[in-house]
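Asker: So that we are looking at the same thing, I have put the structure below in structure tokens.
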Amino acid sequence: MSRAVAFLGLGHMGAPMAANLVTAGHRVRGYDLVPTLLDGAARTGVEPAPSAPDAVADADVVVTMLPASRHVLDLYDAVLPAARPGTLFVDCSTIDVADARTAHQRADAAGMRALDAPVSGGVVGAEAGTLTFMSGGGEAEFAEARPLLEAMGNKAVHCGGPGAGQAAKICNNMILGISMIAVSEAFVLGESLGLSHQALYDVASTASGQCWALSVNCPVPGPVPDSPANRDYRPGFAASLMAKDLGLAAAAARAGAVHTELGLRAAELYAAYAEHAGAAEDFSGIVRTIRDRSGE
Ligand code: NAD
């Protein structure tokens, strides 16, 4: 069934996601603060709207793909009064769990329905339509959003009530951040012991050290030809985004007094890396800071 979709936030992720909704036969009206992004989206069949409230006015579903919590909450305040009662708001941004619950409450209070649906898969997944969506909200809202999520991705998981999608996202990325540091430390330790990258890869990728950070996004060039290490750590998944997600996980852990020792340390290491060399590099480039600091 073709839906009228408002898509707010047409950046690295939002633009290809909106384009995939157009390809799937939906009518998409888009808005971004950056006029050139709106022009680019128009070339993929997205109808440019003059403002966010205008974009949502006749929408069945409003999808947001924005940088952070404050953008989502501010934009919800701006557009909720302009939407038709009962419109489904699907936020795909990665934001704090508590802020996601606030977004649900504000939508409910305005007579709307809401789903948090952050994604995994990066820009490559957004372009290919192979994202994984992690959703939080009611069963009916998830069922309604599902055809749209499946037009933009190849997997949509209903994780629970409001905020559960964001919770799944930051827990998954805490695993990923910690495991990338573990794999990177192992390669640097192996180097100092005279072990070749290929030898460690051949063992660990089929032994108990196997994980995505090793076998798909391998942080050293050679063993996995497509990994960002082979293109001087061009992302991929930028270290700045990993730092953001680990910061959200750390804040949630502190708020709940949960003892995530490695998660907190990973957040510190990625914050330092993103602040200096790594902001625009793939997050696997952290191997270079581990190597640089070794022998100090
Ligand atoms: P981006 O900065 O490229 O895009 C965000 C867009 O939102 C920008 O174009 C910005 O102009 C627009 N925007 C901000 N405020 C707005 C407003 N009030 N109205 C309309 N547009 C507004 O960011 P991105 O890389 O597309 O990431 C978006 C979200 O997806 C983030 O929460 C990020 O953490 C998450 N995410 C990104 C990736 C990735 O690989 N890039 C992967 C997974 C999740």
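Ligands are numbered from 1 in the order shown, residues from 1 within each chain, and chains are lettered A, B, ... in the order they appear in the structure tokens.
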For ligand 1, list the contacting residues at 6 Å or closer, counting only C-alpha atoms and all ligand atoms, as a PyMOL selection string.
Answerer: chain A and resi 8-14+31-34+65-68+71+75+93-94+119-120+122-123+237+241
Asker: Quick one: DSSP alpha helix (DSSP H) residues in region 8-159 of chain A, as a PyMOL selection string?
Answerer: chain A and resi 14-23+35-42+52-56+69-79+97-109+122-128+139-152
Asker: Using only C-alpha atoms, which residues sit within 12 Å of Asn230 (chain A) once same-chain residues fewer than 2 positions away are excluded, as an MDAnalysis selection string?
Answerer: chainID A and resid 217:228 232:236 282 284:285
